[in-house]
$ cat input-v8.cif   # mmCIF, C-alpha atoms
data_query
#
loop_
_atom_site.group_PDB
_atom_site.id
_atom_site.type_symbol
_atom_site.label_atom_id
_atom_site.label_comp_id
_atom_site.auth_asym_id
_atom_site.auth_seq_id
_atom_site.Cartn_x
_atom_site.Cartn_y
_atom_site.Cartn_z
ATOM 1 C CA MET A 68 -41.078 128.784 -2.455
ATOM 2 C CA LYS A 69 -43.545 128.205 0.374
ATOM 3 C CA PRO A 70 -44.586 130.403 3.328
ATOM 4 C CA GLN A 71 -43.066 127.933 5.770
ATOM 5 C CA ASP A 72 -39.654 128.404 4.145
ATOM 6 C CA GLY A 73 -39.242 131.721 5.965
ATOM 7 C CA TYR A 74 -40.053 135.413 5.807
ATOM 8 C CA ILE A 75 -39.402 137.788 2.892
ATOM 9 C CA ALA A 76 -37.176 140.816 3.517
ATOM 10 C CA PHE A 77 -38.571 143.689 1.416
ATOM 11 C CA ILE A 78 -35.921 146.422 1.038
ATOM 12 C CA VAL A 79 -37.376 149.595 -0.475
ATOM 13 C CA ASN A 80 -35.711 152.826 -1.561
ATOM 14 C CA PRO A 81 -38.633 155.274 -1.146
ATOM 15 C CA LYS A 82 -36.829 157.995 -3.132
ATOM 16 C CA SER A 83 -36.290 155.850 -6.211
ATOM 17 C CA GLY A 84 -38.680 155.885 -9.133
ATOM 18 C CA ALA A 85 -41.379 158.128 -10.485
ATOM 19 C CA GLN A 86 -44.606 158.340 -8.533
ATOM 20 C CA SER A 87 -46.429 156.095 -11.018
ATOM 21 C CA SER A 88 -43.853 153.292 -10.667
ATOM 22 C CA ARG A 89 -44.178 153.183 -6.898
ATOM 23 C CA PHE A 90 -47.642 151.676 -7.178
ATOM 24 C CA ARG A 91 -45.993 148.313 -7.879
ATOM 25 C CA ILE A 92 -44.639 148.066 -4.324
ATOM 26 C CA GLY A 93 -47.955 148.066 -2.455
ATOM 27 C CA PRO A 94 -49.717 145.536 -4.710
ATOM 28 C CA LEU A 95 -46.693 143.219 -4.640
ATOM 29 C CA GLU A 96 -46.574 143.277 -0.854
ATOM 30 C CA LYS A 97 -50.327 142.629 -0.722
ATOM 31 C CA TYR A 98 -49.966 139.744 -3.187
ATOM 32 C CA LEU A 99 -47.253 138.110 -1.061
ATOM 33 C CA ILE A 100 -49.253 138.525 2.147
ATOM 34 C CA ASN A 101 -52.358 137.047 0.498
ATOM 35 C CA LYS A 102 -50.227 134.049 -0.462
ATOM 36 C CA GLY A 103 -49.472 133.520 3.214
ATOM 37 C CA PHE A 104 -45.941 134.936 3.305
ATOM 38 C CA GLU A 105 -44.597 137.067 6.128
ATOM 39 C CA VAL A 106 -43.237 140.264 4.604
ATOM 40 C CA ARG A 107 -40.864 142.507 6.545
ATOM 41 C CA PRO A 108 -40.513 145.883 4.783
ATOM 42 C CA GLN A 109 -37.443 148.043 5.400
ATOM 43 C CA LEU A 110 -37.125 151.587 4.036
ATOM 44 C CA THR A 111 -33.661 152.879 3.184
ATOM 45 C CA HIS A 112 -32.416 156.388 3.905
ATOM 46 C CA SER A 113 -29.112 155.866 2.115
ATOM 47 C CA LEU A 114 -27.420 153.330 -0.147
ATOM 48 C CA GLY A 115 -25.519 152.123 2.895
ATOM 49 C CA ASP A 116 -28.809 151.113 4.502
ATOM 50 C CA ALA A 117 -29.606 148.862 1.549
ATOM 51 C CA CYS A 118 -26.323 146.990 1.955
ATOM 52 C CA GLU A 119 -26.735 146.745 5.731
ATOM 53 C CA PHE A 120 -30.298 145.401 5.518
ATOM 54 C CA ALA A 121 -29.251 142.839 2.905
ATOM 55 C CA THR A 122 -26.266 141.729 4.987
ATOM 56 C CA GLU A 123 -28.534 141.137 7.967
ATOM 57 C CA ALA A 124 -30.989 139.154 5.850
ATOM 58 C CA ALA A 125 -28.179 137.112 4.304
ATOM 59 C CA VAL A 126 -27.135 135.631 7.652
ATOM 60 C CA ASP A 127 -30.667 135.197 9.002
ATOM 61 C CA TYR A 128 -31.651 131.543 8.661
ATOM 62 C CA ASN A 129 -35.333 132.490 8.903
ATOM 63 C CA CYS A 130 -35.146 134.756 5.833
ATOM 64 C CA ALA A 131 -36.016 132.879 2.642
ATOM 65 C CA LEU A 132 -35.890 135.684 0.062
ATOM 66 C CA VAL A 133 -34.797 139.293 -0.338
ATOM 67 C CA VAL A 134 -36.889 141.625 -2.504
ATOM 68 C CA ALA A 135 -35.232 144.908 -3.487
ATOM 69 C CA ALA A 136 -37.242 147.830 -4.876
ATOM 70 C CA GLY A 137 -35.093 150.608 -6.289
ATOM 71 C CA GLY A 138 -32.784 151.700 -9.071
ATOM 72 C CA ASP A 139 -29.410 150.307 -10.079
ATOM 73 C CA GLY A 140 -27.649 151.897 -7.101
ATOM 74 C CA THR A 141 -30.003 150.284 -4.598
ATOM 75 C CA ILE A 142 -29.815 146.900 -6.334
ATOM 76 C CA ARG A 143 -26.022 147.123 -6.372
ATOM 77 C CA GLU A 144 -25.852 147.663 -2.621
ATOM 78 C CA VAL A 145 -28.335 144.878 -1.875
ATOM 79 C CA ALA A 146 -26.366 142.520 -4.122
ATOM 80 C CA HIS A 147 -23.190 143.525 -2.304
ATOM 81 C CA GLY A 148 -24.830 142.623 1.006
ATOM 82 C CA LEU A 149 -25.843 139.208 -0.333
ATOM 83 C CA GLU A 150 -22.495 138.519 -2.010
ATOM 84 C CA GLY A 151 -21.275 134.975 -1.476
ATOM 85 C CA THR A 152 -24.524 133.644 0.000
ATOM 86 C CA ASN A 153 -27.248 131.449 -1.471
ATOM 87 C CA LYS A 154 -30.031 133.852 -0.499
ATOM 88 C CA PRO A 155 -32.039 134.661 -3.675
ATOM 89 C CA LEU A 156 -32.741 138.255 -4.716
ATOM 90 C CA LEU A 157 -35.846 139.476 -6.556
ATOM 91 C CA ILE A 158 -35.774 142.898 -8.236
ATOM 92 C CA VAL A 159 -38.652 145.381 -8.380
ATOM 93 C CA PRO A 160 -37.375 147.977 -10.906
ATOM 94 C CA GLN A 161 -37.970 151.505 -9.626
ATOM 95 C CA GLY A 162 -35.197 153.622 -11.177
ATOM 96 C CA THR A 163 -34.937 155.617 -14.369
ATOM 97 C CA GLU A 164 -32.887 153.218 -16.474
ATOM 98 C CA ASN A 165 -32.841 149.940 -14.471
ATOM 99 C CA LEU A 166 -29.901 148.475 -16.388
ATOM 100 C CA LEU A 167 -29.655 145.213 -14.486
ATOM 101 C CA ALA A 168 -33.413 144.650 -14.359
ATOM 102 C CA ASN A 169 -33.654 145.129 -18.117
ATOM 103 C CA GLU A 170 -30.758 142.736 -18.684
ATOM 104 C CA LEU A 171 -32.466 140.087 -16.582
ATOM 105 C CA GLY A 172 -35.734 140.409 -18.498
ATOM 106 C CA PHE A 173 -37.797 142.626 -16.191
ATOM 107 C CA ASP A 174 -40.007 145.459 -17.399
ATOM 108 C CA ARG A 175 -42.282 147.937 -15.637
ATOM 109 C CA LYS A 176 -45.138 145.487 -15.140
ATOM 110 C CA LEU A 177 -46.057 144.015 -11.770
ATOM 111 C CA GLN A 178 -47.061 140.799 -13.529
ATOM 112 C CA THR A 179 -43.464 140.248 -14.622
ATOM 113 C CA VAL A 180 -42.213 140.446 -11.038
ATOM 114 C CA VAL A 181 -44.933 138.012 -9.955
ATOM 115 C CA LYS A 182 -43.956 135.594 -12.743
ATOM 116 C CA ALA A 183 -40.348 135.714 -11.566
ATOM 117 C CA PHE A 184 -41.438 134.964 -8.008
ATOM 118 C CA GLU A 185 -43.749 132.115 -8.991
ATOM 119 C CA GLY A 186 -41.430 130.676 -11.644
ATOM 120 C CA GLY A 187 -38.560 129.999 -9.279
ATOM 121 C CA CYS A 188 -36.009 130.494 -12.078
ATOM 122 C CA ILE A 189 -32.645 131.439 -10.564
ATOM 123 C CA LYS A 190 -29.635 132.833 -12.417
ATOM 124 C CA THR A 191 -26.295 133.205 -10.698
ATOM 125 C CA MET A 192 -24.478 136.440 -11.469
ATOM 126 C CA ASP A 193 -20.888 137.608 -11.174
ATOM 127 C CA LEU A 194 -20.121 140.969 -9.614
ATOM 128 C CA GLY A 195 -17.387 143.466 -10.384
ATOM 129 C CA ARG A 196 -15.236 145.076 -7.729
ATOM 130 C CA ILE A 197 -13.527 148.409 -8.354
ATOM 131 C CA ASN A 198 -11.105 149.689 -5.702
ATOM 132 C CA GLY A 199 -13.064 147.649 -3.166
ATOM 133 C CA ARG A 200 -16.495 148.875 -4.299
ATOM 134 C CA CYS A 201 -19.002 146.479 -5.813
ATOM 135 C CA PHE A 202 -20.844 147.009 -9.097
ATOM 136 C CA THR A 203 -23.363 144.876 -10.974
ATOM 137 C CA CYS A 204 -23.604 146.470 -14.415
ATOM 138 C CA ILE A 205 -21.103 148.819 -16.043
ATOM 139 C CA ALA A 206 -18.333 151.187 -15.002
ATOM 140 C CA GLY A 207 -17.620 154.109 -17.339
ATOM 141 C CA PHE A 208 -14.471 156.214 -17.594
ATOM 142 C CA GLY A 209 -14.162 159.583 -19.286
ATOM 143 C CA PHE A 210 -17.104 161.151 -21.084
ATOM 144 C CA ASP A 211 -19.655 158.941 -19.366
ATOM 145 C CA GLY A 212 -18.166 159.582 -15.934
ATOM 146 C CA ASP A 213 -18.285 163.331 -16.523
ATOM 147 C CA ILE A 214 -22.013 163.190 -17.308
ATOM 148 C CA VAL A 215 -22.750 161.291 -14.091
ATOM 149 C CA ARG A 216 -20.628 163.761 -12.131
ATOM 150 C CA ARG A 217 -22.707 166.661 -13.438
ATOM 151 C CA ILE A 218 -25.990 164.879 -12.734
ATOM 152 C CA SER A 219 -24.970 163.952 -9.185
ATOM 153 C CA ARG A 220 -24.082 167.553 -8.368
ATOM 154 C CA GLU A 221 -27.590 168.725 -9.263
ATOM 155 C CA ARG A 222 -29.557 165.652 -8.237
ATOM 156 C CA ASN A 223 -32.265 165.990 -5.622
ATOM 157 C CA GLY A 224 -34.223 162.763 -5.333
ATOM 158 C CA HIS A 225 -35.596 160.863 -8.326
ATOM 159 C CA ILE A 226 -34.334 161.809 -11.790
ATOM 160 C CA THR A 227 -35.992 161.373 -15.186
ATOM 161 C CA TYR A 228 -34.590 161.030 -18.691
ATOM 162 C CA LEU A 229 -35.062 164.766 -19.168
ATOM 163 C CA ASP A 230 -32.667 165.402 -16.284
ATOM 164 C CA TYR A 231 -29.915 163.881 -18.404
ATOM 165 C CA PHE A 232 -30.341 166.328 -21.278
ATOM 166 C CA TRP A 233 -28.374 169.322 -19.987
ATOM 167 C CA PRO A 234 -25.537 167.294 -18.393
ATOM 168 C CA ILE A 235 -25.078 165.427 -21.686
ATOM 169 C CA TRP A 236 -25.273 168.646 -23.693
ATOM 170 C CA ARG A 237 -22.761 170.469 -21.489
ATOM 171 C CA THR A 238 -20.391 167.518 -21.424
ATOM 172 C CA PHE A 239 -20.584 167.176 -25.203
ATOM 173 C CA TRP A 240 -19.321 170.734 -25.672
ATOM 174 C CA ALA A 241 -16.979 171.033 -22.705
ATOM 175 C CA TYR A 242 -15.373 167.594 -22.395
ATOM 176 C CA LYS A 243 -11.593 167.318 -22.754
ATOM 177 C CA TYR A 244 -10.550 164.042 -24.324
ATOM 178 C CA GLU A 245 -7.695 163.068 -22.022
ATOM 179 C CA SER A 246 -5.362 160.082 -22.310
ATOM 180 C CA VAL A 247 -5.947 156.861 -20.398
ATOM 181 C CA LYS A 248 -4.023 153.629 -20.007
ATOM 182 C CA VAL A 249 -5.934 150.335 -19.915
ATOM 183 C CA GLU A 250 -4.479 146.983 -18.841
ATOM 184 C CA VAL A 251 -6.321 143.663 -18.974
ATOM 185 C CA ASP A 252 -4.755 140.724 -17.126
ATOM 186 C CA SER A 253 -1.386 142.539 -17.055
ATOM 187 C CA GLU A 254 -1.430 143.333 -20.802
ATOM 188 C CA VAL A 255 -1.629 146.957 -21.953
ATOM 189 C CA ILE A 256 -4.404 146.996 -24.553
ATOM 190 C CA PHE A 257 -4.759 150.757 -24.988
ATOM 191 C CA GLU A 258 -2.891 153.958 -24.243
ATOM 192 C CA GLY A 259 -4.125 157.261 -25.599
ATOM 193 C CA ARG A 260 -7.174 159.496 -25.751
ATOM 194 C CA GLY A 261 -10.259 157.404 -25.272
ATOM 195 C CA ILE A 262 -13.478 156.484 -23.508
ATOM 196 C CA VAL A 263 -13.622 153.223 -21.565
ATOM 197 C CA PHE A 264 -16.400 150.893 -20.454
ATOM 198 C CA VAL A 265 -15.918 147.867 -18.200
ATOM 199 C CA GLY A 266 -18.897 145.709 -17.425
ATOM 200 C CA ASN A 267 -20.769 142.591 -16.601
ATOM 201 C CA ILE A 268 -23.849 143.066 -18.810
ATOM 202 C CA SER A 269 -24.224 143.563 -22.547
ATOM 203 C CA ARG A 270 -26.522 146.584 -22.717
ATOM 204 C CA TYR A 271 -26.106 150.097 -21.403
ATOM 205 C CA ALA A 272 -28.416 153.131 -21.324
ATOM 206 C CA LEU A 273 -31.380 152.863 -23.722
ATOM 207 C CA GLY A 274 -30.224 149.342 -24.536
ATOM 208 C CA LEU A 275 -27.047 150.347 -26.384
ATOM 209 C CA ASN A 276 -25.178 147.104 -27.002
ATOM 210 C CA ILE A 277 -21.732 148.421 -26.019
ATOM 211 C CA LEU A 278 -20.403 145.233 -24.417
ATOM 212 C CA GLN A 279 -21.839 142.860 -27.000
ATOM 213 C CA ARG A 280 -20.112 139.725 -25.734
ATOM 214 C CA ALA A 281 -20.745 140.249 -22.036
ATOM 215 C CA ASP A 282 -22.227 137.369 -20.067
ATOM 216 C CA PHE A 283 -22.964 138.082 -16.407
ATOM 217 C CA SER A 284 -22.143 134.521 -15.372
ATOM 218 C CA ASP A 285 -19.001 133.677 -17.388
ATOM 219 C CA GLY A 286 -16.440 134.726 -14.776
ATOM 220 C CA LEU A 287 -15.084 137.504 -17.000
ATOM 221 C CA LEU A 288 -15.398 141.268 -17.278
ATOM 222 C CA ASP A 289 -15.753 142.839 -20.716
ATOM 223 C CA VAL A 290 -13.768 145.926 -21.698
ATOM 224 C CA CYS A 291 -14.593 148.244 -24.594
ATOM 225 C CA VAL A 292 -12.302 151.189 -25.389
ATOM 226 C CA TYR A 293 -13.276 153.836 -27.916
ATOM 227 C CA ALA A 294 -10.250 155.735 -29.225
ATOM 228 C CA CYS A 295 -11.714 159.238 -29.193
ATOM 229 C CA GLN A 296 -10.205 162.718 -29.274
ATOM 230 C CA SER A 297 -12.966 164.953 -30.637
ATOM 231 C CA ARG A 298 -16.718 165.477 -30.830
ATOM 232 C CA THR A 299 -16.651 164.178 -34.401
ATOM 233 C CA CYS A 300 -15.143 160.881 -33.193
ATOM 234 C CA LEU A 301 -17.731 160.680 -30.424
ATOM 235 C CA ILE A 302 -20.621 161.101 -32.867
ATOM 236 C CA LYS A 303 -19.117 158.460 -35.170
ATOM 237 C CA HIS A 304 -18.727 155.959 -32.315
ATOM 238 C CA SER A 305 -22.266 156.669 -31.100
ATOM 239 C CA VAL A 306 -23.818 155.974 -34.512
ATOM 240 C CA LEU A 307 -21.794 152.791 -34.977
ATOM 241 C CA THR A 308 -22.835 151.593 -31.511
ATOM 242 C CA VAL A 309 -26.535 152.199 -32.179
ATOM 243 C CA PHE A 310 -26.251 149.965 -35.249
ATOM 244 C CA LYS A 311 -24.059 147.405 -33.399
ATOM 245 C CA GLN A 312 -21.149 147.946 -35.776
ATOM 246 C CA HIS A 313 -18.625 149.508 -33.396
ATOM 247 C CA LEU A 314 -16.618 146.345 -32.731
ATOM 248 C CA LYS A 315 -15.732 146.142 -36.432
ATOM 249 C CA HIS A 316 -14.089 149.566 -36.374
ATOM 250 C CA HIS A 317 -10.312 149.910 -36.011
ATOM 251 C CA ASP A 318 -10.717 152.663 -33.392
ATOM 252 C CA VAL A 319 -12.401 150.284 -30.935
ATOM 253 C CA VAL A 320 -10.549 147.802 -28.719
ATOM 254 C CA TYR A 321 -12.504 144.971 -27.083
ATOM 255 C CA ARG A 322 -11.174 142.466 -24.551
ATOM 256 C CA GLN A 323 -12.317 140.152 -21.781
ATOM 257 C CA GLY A 324 -10.448 139.471 -18.577
ATOM 258 C CA LYS A 325 -10.468 138.989 -14.828
ATOM 259 C CA LYS A 326 -8.332 141.920 -13.700
ATOM 260 C CA ILE A 327 -8.365 145.380 -15.260
ATOM 261 C CA LYS A 328 -6.311 148.446 -14.409
ATOM 262 C CA ILE A 329 -7.147 151.929 -15.652
ATOM 263 C CA SER A 330 -4.987 154.981 -15.027
ATOM 264 C CA SER A 331 -4.377 158.472 -16.362
ATOM 265 C CA GLU A 332 -1.934 161.321 -15.906
ATOM 266 C CA HIS A 333 -4.881 163.700 -15.849
ATOM 267 C CA GLN A 334 -7.064 164.368 -12.811
ATOM 268 C CA ASN A 335 -10.236 165.236 -14.725
ATOM 269 C CA VAL A 336 -10.953 161.733 -16.063
ATOM 270 C CA PHE A 337 -14.063 160.981 -14.037
ATOM 271 C CA THR A 338 -15.646 157.589 -13.429
ATOM 272 C CA GLU A 339 -19.087 156.150 -12.777
ATOM 273 C CA ILE A 340 -20.348 152.789 -11.531
ATOM 274 C CA ASP A 341 -23.939 151.731 -12.147
ATOM 275 C CA GLY A 342 -24.932 155.356 -12.720
ATOM 276 C CA ASP A 343 -23.306 156.736 -9.555
ATOM 277 C CA PRO A 344 -19.985 158.616 -9.262
ATOM 278 C CA GLY A 345 -17.078 156.183 -9.073
ATOM 279 C CA PRO A 346 -13.621 156.319 -7.496
ATOM 280 C CA ALA A 347 -10.828 158.498 -8.824
ATOM 281 C CA LEU A 348 -8.183 157.005 -11.098
ATOM 282 C CA PRO A 349 -6.133 154.875 -10.915
ATOM 283 C CA VAL A 350 -8.485 151.941 -10.372
ATOM 284 C CA GLU A 351 -8.121 148.185 -10.166
ATOM 285 C CA ILE A 352 -11.118 146.108 -11.178
ATOM 286 C CA GLU A 353 -11.652 142.404 -10.623
ATOM 287 C CA ILE A 354 -14.399 139.872 -11.142
ATOM 288 C CA VAL A 355 -16.208 138.202 -8.244
ATOM 289 C CA PRO A 356 -17.547 135.005 -9.837
ATOM 290 C CA LYS A 357 -20.940 133.500 -9.008
ATOM 291 C CA ALA A 358 -21.575 136.076 -6.310
ATOM 292 C CA VAL A 359 -25.381 136.523 -6.196
ATOM 293 C CA ASN A 360 -28.487 134.475 -7.076
ATOM 294 C CA PHE A 361 -31.281 136.375 -8.836
ATOM 295 C CA LEU A 362 -34.879 135.286 -9.352
ATOM 296 C CA VAL A 363 -35.719 136.111 -12.975
ATOM 297 C CA PRO A 364 -38.781 135.803 -15.231
ATOM 298 C CA PRO A 365 -38.724 132.365 -16.920
ATOM 299 C CA GLY A 366 -37.741 132.646 -20.573
ATOM 300 C CA ALA A 367 -37.308 136.429 -20.431
ATOM 301 C CA LYS A 368 -34.765 138.175 -22.664
ATOM 302 C CA PRO A 369 -32.911 141.487 -22.255
ATOM 303 C CA ALA A 370 -34.752 144.544 -23.499
ATOM 304 C CA GLY A 371 -33.079 146.044 -26.581
ATOM 305 C CA PHE A 372 -32.669 149.597 -27.858
ATOM 306 C CA ARG A 373 -36.012 149.758 -29.681
ATOM 307 C CA GLU A 374 -38.049 148.495 -26.729
ATOM 308 C CA ARG A 375 -36.387 150.828 -24.218
ATOM 309 C CA PHE A 376 -36.679 153.802 -26.565
ATOM 310 C CA LEU A 377 -40.415 153.229 -26.963
ATOM 311 C CA ARG A 378 -40.809 153.165 -23.178
ATOM 312 C CA LEU A 379 -39.782 156.826 -23.105
ATOM 313 C CA PHE A 380 -43.142 157.750 -24.623
ATOM 314 C CA LYS A 381 -45.340 155.519 -22.460
#

$ encode --input "input-v8.cif" --output "structure tokens"
Amino acid sequence: MKPQDGYIAFIVNPKSGAQSSRFRIGPLEKYLINKGFEVRPQLTHSLGDACEFATEAAVDYNCALVVAAGGDGTIREVAHGLEGTNKPLLIVPQGTENLLANELGFDRKLQTVVKAFEGGCIKTMDLGRINGRCFTCIAGFGFDGDIVRRISRERNGHITYLDYFWPIWRTFWAYKYESVKVEVDSEVIFEGRGIVFVGNISRYALGLNILQRADFSDGLLDVCVYACQSRTCLIKHSVLTVFKQHLKHHDVVYRQGKKIKISSEHQNVFTEIDGDPGPALPVEIEIVPKAVNFLVPPGAKPAGFRERFLRLFK
């Protein structure tokens, strides 16, 4: 990419990320300017702003690249704004977990973002759409959705890993394991008490390899259903998942498909998409193939459980 190719739209969520991680934004902007690029920063006040700014950049012939600095929610909205265009997107990870950034091989280092920019390596990614809303990573139904619901009620700006402790603890003791019905491409694959994950990437929080076979560019969504009706079952599934053995267990159903339907007779089965509260059941989910082009670090690999766990102490 050359300066004469056009300006760089720099979409920044100023509320995302710990104070220490925000130092990457200024140096990156300075680096781009020193390289002769015109950088146009835009600060978001809501997730809707991120989508709007990206949509405007997508149709602007003079814009050569969109850089998005934020967490998974911000990246999701920017990707939604760029959906169906050839405009490349470069991520500057600023959130707590940064699921998509980790999957694409980014870490917390400015040098990695610079390598992605200079390397020019582009990967095309599918998106998921749930009841009309876009998502890039994973949608969770049940236990996971209840945790996100609790966090969102108490959230005030940036959150840390410690902010997850009490919501997880309360959900662990209070959660009611209600029945759900899951259909993949018109086939009922599960009906009963369970926890469901539908996604586009292989790794979830802390690098847990829940959707082991997921490929973000294969035109398919991956579905993992844990048959679960008690805390004992939940602990068992969690241990098996940490050691990547859950798909071998008879209480786990795994499928891939293009259209997924999830419903329940119970109103307290909550959902989440990319770490934000999702729509109420029932939901219809579909794949949007080859929707967005991402600039990624050349040769980078997704960060696994061990690497992400060690980052907690850095």

$ resolve_selection --input "input-v8.cif" --expression "the PyMOL selection byres ((chain A and resi 176) around 10)" --output "NGL selection string"
:A and (88 or 91 or 159-160 or 173-175 or 177-181)

$ resolve_selection --input "input-v8.cif" --expression "the PyMOL selection byres ((chain A and resi 118) around 10)" --output "list in words"
Ile78, Thr111, Ser113, Leu114, Gly115, Asp116, Ala117, Glu119, Phe120, Ala121, Thr122, Glu123, Ala124, Thr141, Ile142, Arg143, Glu144, Val145, Ala146, His147, Gly148 and Leu149 of chain A

$ atom_distance --input "input-v8.cif" --atom1 "atom CA of Met68 of chain A" --atom2 "atom CA of Glu105 of chain A"
12.4 Å

$ atom_distance --input "input-v8.cif" --atom1 "atom CA of Asp343 of chain A" --atom2 "atom CA of Pro94 of chain A"
29.1 Å

$ resolve_selection --input "input-v8.cif" --expression "the PyMOL selection byres ((chain A and resi 253) around 9)" --output "VMD selection string"
chain A and resid 250 to 252 254 to 255 326 to 328

$ atom_distance --input "input-v8.cif" --atom1 "atom CA of His313 of chain A" --atom2 "atom CA of Ala294 of chain A"
11.2 Å

$ residues_around --input "input-v8.cif" --residues "segment 296-306 of chain A" --least-positions-apart "5" --cutoff "12 Å" --atoms "all atoms listed in the file" --output "PyMOL selection string"
chain A and resi 209-211+236+238-247+259-262+275-277+291+311-319

$ residues_around --input "input-v8.cif" --residues "Ala125 of chain A" --least-positions-apart "5" --cutoff "9 Å" --atoms "all atoms listed in the file" --output "PyMOL selection string"
chain A and resi 120+130+132-133+148-150+152-154

$ closest_residue --input "input-v8.cif" --among "A:Asp72, A:Glu353, A:Asp127, A:Asp139" --to "Asp289 of chain A" --atoms "all atoms listed in the file"
A:Glu353

$ residues_around --input "input-v8.cif" --residues "Val79 of chain A" --least-positions-apart "6" --cutoff "7 Å" --atoms "all atoms listed in the file" --output "JSON, numbers by chain"
{"A": [109, 110, 111, 135, 136, 137]}

$ residues_around --input "input-v8.cif" --residues "Leu156 of chain A" --least-positions-apart "3" --cutoff "6 Å" --atoms "only C-alpha atoms" --output "number ranges by chain"
A: 133-134, 361-362

$ closest_residue --input "input-v8.cif" --among "A:Ile352, A:Leu99, A:Ile214, A:Met192" --to "Pro155 of chain A" --atoms "only C-alpha atoms"
A:Met192

$ closest_residue --input "input-v8.cif" --among "A:Ala206, A:Ala347, A:Ile92, A:Val265" --to "Ile158 of chain A" --atoms "all atoms listed in the file"
A:Ile92

$ closest_residue --input "input-v8.cif" --among "A:Ile205, A:Val336, A:Leu273, A:Leu95" --to "Pro369 of chain A" --atoms "all atoms listed in the file"
A:Leu273

$ residues_near_point --input "input-v8.cif" --point "(-37.7, 139.2, -22.0)" --cutoff "10 Å" --atoms "all atoms listed in the file" --output "compact mmCIF listing (two decimals) with C-alpha atoms, in the coordinates of the input"
# COMPACT_ATOMS: atom_id res chain seq x y z
CA ASN A 169 -33.65 145.13 -18.12
CA GLU A 170 -30.76 142.74 -18.68
CA LEU A 171 -32.47 140.09 -16.58
CA GLY A 172 -35.73 140.41 -18.50
CA PHE A 173 -37.80 142.63 -16.19
CA ASP A 174 -40.01 145.46 -17.40
CA THR A 179 -43.46 140.25 -14.62
CA VAL A 363 -35.72 136.11 -12.98
CA PRO A 364 -38.78 135.80 -15.23
CA PRO A 365 -38.72 132.36 -16.92
CA GLY A 366 -37.74 132.65 -20.57
CA ALA A 367 -37.31 136.43 -20.43
CA LYS A 368 -34.76 138.18 -22.66
CA PRO A 369 -32.91 141.49 -22.26
CA ALA A 370 -34.75 144.54 -23.50
CA GLY A 371 -33.08 146.04 -26.58

$ closest_residue --input "input-v8.cif" --among "A:Ile340, A:Ile75, A:Ile256, A:Cys204" --to "Asn165 of chain A" --atoms "all atoms listed in the file"
A:Cys204

$ residues_around --input "input-v8.cif" --residues "Ile268 of chain A" --least-positions-apart "3" --cutoff "9 Å" --atoms "only C-alpha atoms" --output "ChimeraX atom specification"
/A:166-167,170,203-205,271,278-283,288-289

$ decode --input "input-v8.cif" --residues "segment 285-296 of chain A" --atoms "N, CA and C atoms" --output "mmCIF file, in the first residue's frame"
data_model
loop_
_atom_site.group_PDB
_atom_site.id
_atom_site.type_symbol
_atom_site.label_atom_id
_atom_site.label_comp_id
_atom_site.auth_asym_id
_atom_site.auth_seq_id
_atom_site.Cartn_x
_atom_site.Cartn_y
_atom_site.Cartn_z
ATOM 1 N N ASP A 285 -14.628 -20.816 5.329
ATOM 2 C CA ASP A 285 -15.100 -22.018 4.642
ATOM 3 C C ASP A 285 -16.571 -21.964 4.237
ATOM 4 N N GLY A 286 -17.241 -20.849 4.504
ATOM 5 C CA GLY A 286 -18.642 -20.725 4.128
ATOM 6 C C GLY A 286 -19.596 -21.501 5.008
ATOM 7 N N LEU A 287 -19.122 -21.907 6.197
ATOM 8 C CA LEU A 287 -19.952 -22.682 7.121
ATOM 9 C C LEU A 287 -19.852 -22.116 8.534
ATOM 10 N N LEU A 288 -20.914 -22.284 9.294
ATOM 11 C CA LEU A 288 -20.901 -21.983 10.721
ATOM 12 C C LEU A 288 -20.774 -23.296 11.483
ATOM 13 N N ASP A 289 -20.032 -23.262 12.580
ATOM 14 C CA ASP A 289 -19.865 -24.451 13.413
ATOM 15 C C ASP A 289 -20.775 -24.361 14.626
ATOM 16 N N VAL A 290 -21.348 -25.502 14.999
ATOM 17 C CA VAL A 290 -22.287 -25.561 16.121
ATOM 18 C C VAL A 290 -21.815 -26.626 17.104
ATOM 19 N N CYS A 291 -21.676 -26.239 18.360
ATOM 20 C CA CYS A 291 -21.312 -27.188 19.414
ATOM 21 C C CYS A 291 -22.363 -27.109 20.518
ATOM 22 N N VAL A 292 -22.983 -28.252 20.827
ATOM 23 C CA VAL A 292 -24.017 -28.307 21.860
ATOM 24 C C VAL A 292 -23.543 -29.228 22.978
ATOM 25 N N TYR A 293 -23.487 -28.677 24.187
ATOM 26 C CA TYR A 293 -23.167 -29.477 25.360
ATOM 27 C C TYR A 293 -24.476 -29.867 26.047
ATOM 28 N N ALA A 294 -24.808 -31.145 26.072
ATOM 29 C CA ALA A 294 -25.944 -31.601 26.863
ATOM 30 C C ALA A 294 -25.586 -31.400 28.332
ATOM 31 N N CYS A 295 -26.346 -30.563 29.026
ATOM 32 C CA CYS A 295 -25.930 -30.159 30.375
ATOM 33 C C CYS A 295 -27.153 -29.826 31.215
ATOM 34 N N GLN A 296 -27.267 -30.444 32.387
ATOM 35 C CA GLN A 296 -28.417 -30.190 33.240
ATOM 36 C C GLN A 296 -28.046 -29.972 34.708
#
